[in-house]
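Q: One structure follows; several queries about it will come next.
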Amino acid sequence: MNTAGKLFIAFLKIGLLSIGGGYAIIPLIQEQVVEKNSWISGKMFTDIITISQMTPGPLAVNTSTFVGLQVGGIMGALAATIGCILCGIIISLSLYKFFQTHQKSAYVLEVLNGLKSASLGLIISAASTIISTAFYGSITSETDLSAPNRIALLLFLIMLFVLRKWKLNPIVIIFISGIAGFVFYR
């Protein structure tokens, strides 16, 4: 199977299992593209997540497009993006029909409450992955958790303070962070 086909299948699986969307899907994508298939490095994956957050559109779609582009060019980007959204479209249309039929069922409402809890766990997992990668690089059993990247930690704390104190637009914070990253990490 060619690269575009492999990307399509991988992101079709991700799209099928992406309950919660957004940040909840990051660990699933990382498992497929970094750990299982070794298409990109952990550092590149973190960069792609960062870019995906800054660009308009859903995080999962942006991430799949950028990963596909990096791995398989334009055809890879198309295959990964279509694979990522196809299951969501089919499932959404099916669920719409189901909920129209069973909108007053107490059981259906309880299942939805359970899914909300599972999504929260996935979001927390994604946040811990992003934070650990930003402050420590890739986490292994040999990683010294008492020695985070001090520059990254300092930039994070300064931007958090600026954001909370002066309520700047997040785009301004991203722009300032990008300049600081360029200055400190080039």
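The way I read the labels, and the way they are meant: chains A, B, ... in the order of the structure tokens, residue 1 as the first residue of every chain, and ligand 1 as the first ligand shown, with later ones counted on from there.
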Dump as a Markdown table the rows for residues of region 18-104 of chain A within 12 Å of region 178-186 of chain A: closest atom pair and distance in Å with one decimal, only C-alpha atoms counted, ordered by chain and rising residue number.
A:
| residue | atom | partner | partner_atom | distance |
| --- | --- | --- | --- | --- |
| A:Asp47 | CA | A:Gly178 | CA | 11.7 |
| A:Thr50 | CA | A:Gly178 | CA | 10.5 |
| A:Ile51 | CA | A:Gly178 | CA | 10.8 |
| A:Met54 | CA | A:Gly178 | CA | 11.0 |
Q: Per DSSP on the backbone, filter region 24-139 of chain A down to the residues in alpha helix (DSSP H) and report them as a VMD selection string.
A: chain A and resid 26 to 30 42 to 54 59 to 101 106 to 136
Q: Set out as a Markdown table a contact list for region 73-136 of chain A and region 148-171 of chain A with a cut-off of 9 Å, giving each residue of region 73-136 of chain A that qualifies its closest atom pair and distance in Å to one decimal, counting only C-alpha atoms, ordered by chain and rising residue number.
A:
| residue | atom | partner | partner_atom | distance |
| --- | --- | --- | --- | --- |
| A:Ser132 | CA | A:Pro148 | CA | 8.8 |
| A:Ala134 | CA | A:Ala152 | CA | 6.9 |
| A:Phe135 | CA | A:Asn149 | CA | 5.1 |
| A:Tyr136 | CA | A:Pro148 | CA | 5.2 |
Q: What's around Thr65 (chain A) at 7 Å? Count only C-alpha atoms, leave out sequence neighbours fewer than 6 positions away in its own chain, and write the answer as number ranges by chain.
A: A: 77-78, 80-81
Q: At a cut-off of 10 Å, using only C-alpha atoms, what residues contact Ser119 (chain A)? Leave out same-chain residues fewer than 4 positions from it and give the result as a ChimeraX atom specification.
A: /A:18-25,114-115,123-125
Q: Go ahead and save the picked residues with C-alpha atoms, as a compact mmCIF listing (two decimals), in the first residue's frame.
A:
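Contents of result04.txt, freshly written:
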# COMPACT_ATOMS: atom_id res chain seq x y z
CA SER A 18 -11.87 10.31 18.21
CA ILE A 19 -14.66 10.64 20.74
CA GLY A 20 -14.23 14.05 22.33
CA GLY A 21 -12.37 15.56 19.37
CA GLY A 22 -9.91 18.43 19.74
CA TYR A 23 -7.34 17.87 22.45
CA ALA A 24 -8.69 14.41 23.25
CA ILE A 25 -7.49 13.13 19.87
CA GLY A 114 -20.61 8.85 30.52
CA LEU A 115 -19.07 9.97 27.25
CA ILE A 123 -8.31 15.97 27.29
CA ILE A 124 -6.28 15.75 30.53
CA SER A 125 -4.07 13.10 28.92
Q: Measure the distance from CA of Glu35 (chain A) to CA of Thr140 (chain A) in Å and round it to one decimal.
A: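 Computing the Euclidean distance for CA of Glu35 (chain A) and CA of Thr140 (chain A) yields 12.8 Å.
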Q: Which one of A:Ser141, A:Thr3, A:Ser146, A:Ser117 sits closest to Gly72 (chain A) if you count only C-alpha atoms?
A: A:Thr3
Q: Between A:Pro27, A:Lys36, A:Thr55, A:Gly83, which residue has the minimum interatomic distance to Gly5 (chain A), considering only C-alpha atoms?
A: A:Gly83
Q: Name all residues at most 9 Å from Val33 (chain A) (count only C-alpha atoms; drop same-chain ones fewer than 4 positions away) and give them as a ChimeraX atom specification.
A: /A:7,10,28-29,37-41,45,67
Q: Any chance you could export the current selection's N, CA, C and O atoms as a PDB file, in the first residue's frame?
A:
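Result file follows (part-v5.pdb):
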ATOM      1  N   LEU A   7      -1.750   6.514   5.161  1.00  0.00           N
ATOM      2  CA  LEU A   7      -2.225   7.679   5.914  1.00  0.00           C
ATOM      3  C   LEU A   7      -3.745   7.665   6.039  1.00  0.00           C
ATOM      4  O   LEU A   7      -4.294   7.944   7.105  1.00  0.00           O
ATOM      5  N   ALA A  10      -4.726   4.991   8.626  1.00  0.00           N
ATOM      6  CA  ALA A  10      -4.356   5.409   9.979  1.00  0.00           C
ATOM      7  C   ALA A  10      -5.302   6.490  10.494  1.00  0.00           C
ATOM      8  O   ALA A  10      -5.793   6.421  11.628  1.00  0.00           O
ATOM      9  N   LEU A  28      -4.103   9.891  20.433  1.00  0.00           N
ATOM     10  CA  LEU A  28      -4.369   8.889  19.391  1.00  0.00           C
ATOM     11  C   LEU A  28      -3.520   9.158  18.151  1.00  0.00           C
ATOM     12  O   LEU A  28      -2.957   8.234  17.556  1.00  0.00           O
ATOM     13  N   ILE A  29      -3.448  10.421  17.756  1.00  0.00           N
ATOM     14  CA  ILE A  29      -2.639  10.771  16.581  1.00  0.00           C
ATOM     15  C   ILE A  29      -1.167  10.504  16.868  1.00  0.00           C
ATOM     16  O   ILE A  29      -0.454   9.929  16.042  1.00  0.00           O
ATOM     17  N   ASN A  37       3.943   4.096  13.607  1.00  0.00           N
ATOM     18  CA  ASN A  37       4.442   4.143  12.234  1.00  0.00           C
ATOM     19  C   ASN A  37       5.760   4.895  12.071  1.00  0.00           C
ATOM     20  O   ASN A  37       6.364   4.835  11.001  1.00  0.00           O
ATOM     21  N   SER A  38       6.191   5.649  13.073  1.00  0.00           N
ATOM     22  CA  SER A  38       7.443   6.420  13.029  1.00  0.00           C
ATOM     23  C   SER A  38       7.546   7.301  11.792  1.00  0.00           C
ATOM     24  O   SER A  38       8.610   7.429  11.186  1.00  0.00           O
ATOM     25  N   TRP A  39       6.417   7.918  11.414  1.00  0.00           N
ATOM     26  CA  TRP A  39       6.433   8.794  10.262  1.00  0.00           C
ATOM     27  C   TRP A  39       7.108  10.114  10.570  1.00  0.00           C
ATOM     28  O   TRP A  39       7.741  10.713   9.695  1.00  0.00           O
ATOM     29  N   ILE A  40       6.929  10.604  11.794  1.00  0.00           N
ATOM     30  CA  ILE A  40       7.551  11.864  12.210  1.00  0.00           C
ATOM     31  C   ILE A  40       8.094  11.702  13.622  1.00  0.00           C
ATOM     32  O   ILE A  40       7.710  10.787  14.347  1.00  0.00           O
ATOM     33  N   SER A  41       8.964  12.632  14.033  1.00  0.00           N
ATOM     34  CA  SER A  41       9.542  12.589  15.378  1.00  0.00           C
ATOM     35  C   SER A  41       8.578  13.223  16.385  1.00  0.00           C
ATOM     36  O   SER A  41       7.637  13.932  16.009  1.00  0.00           O
ATOM     37  N   PHE A  45       6.052  16.366  15.853  1.00  0.00           N
ATOM     38  CA  PHE A  45       4.642  16.243  16.213  1.00  0.00           C
ATOM     39  C   PHE A  45       4.207  17.415  17.098  1.00  0.00           C
ATOM     40  O   PHE A  45       3.151  18.005  16.884  1.00  0.00           O
ATOM     41  N   VAL A  67       0.206  16.591   9.202  1.00  0.00           N
ATOM     42  CA  VAL A  67       0.950  15.329   9.241  1.00  0.00           C
ATOM     43  C   VAL A  67       0.970  14.703   7.847  1.00  0.00           C
ATOM     44  O   VAL A  67       2.017  14.270   7.359  1.00  0.00           O
TER      45      VAL A  67
END
Q: Would you mind listing what lies within 10 Å of Gly137 (chain A) as a tab-separated table (two decimals) with C-alpha atoms, in the first residue's frame, with only C-alpha atoms counted and same-chain residues fewer than 6 positions away left out?
A:
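Final output, saved to around_32.tsv:
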chain	number	residue	atom	x	y	z
A	42	GLY	CA	8.03	13.59	18.71
A	43	LYS	CA	9.50	17.08	18.31
A	46	THR	CA	4.72	18.92	18.93
A	130	ILE	CA	1.83	18.69	25.51
A	131	ILE	CA	3.12	20.09	28.81
A	143	THR	CA	13.94	11.80	31.98
A	148	PRO	CA	12.64	21.13	33.17
A	149	ASN	CA	13.70	23.37	30.30
Q: Distance CA of Asn113 (chain A)-CA of Ser94 (chain A), one decimal place?
A: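 Computing the Euclidean distance for CA of Asn113 (chain A) and CA of Ser94 (chain A) yields 19.1 Å.
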Q: One decimal, in Å: what's the spacing between CA of Phe11 (chain A) and CA of Ile85 (chain A)?
A: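 Computed distance, CA of Phe11 (chain A) to CA of Ile85 (chain A), equals 8.4 Å.
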Q: Rank nothing, just name the residue among A:Cys87, A:Gln53, A:Pro58, A:Ala127 nearest to Ile174 (chain A), using only C-alpha atoms.
A: A:Gln53
Q: For Lys13 (chain A), which residue among A:Ser52, A:Leu109, A:Ala79, A:Cys84 is the nearest when counting only C-alpha atoms?
A: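 Result for the nearest residue to Lys13 (chain A): A:Cys84.
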Q: With distances taken over only C-alpha atoms, which residue among A:Ile14, A:Ala147, A:Met1, A:Met44 lies nearest Glu31 (chain A)?
A: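 Of the candidates, the smallest distance to Glu31 (chain A) is held by A:Ile14.
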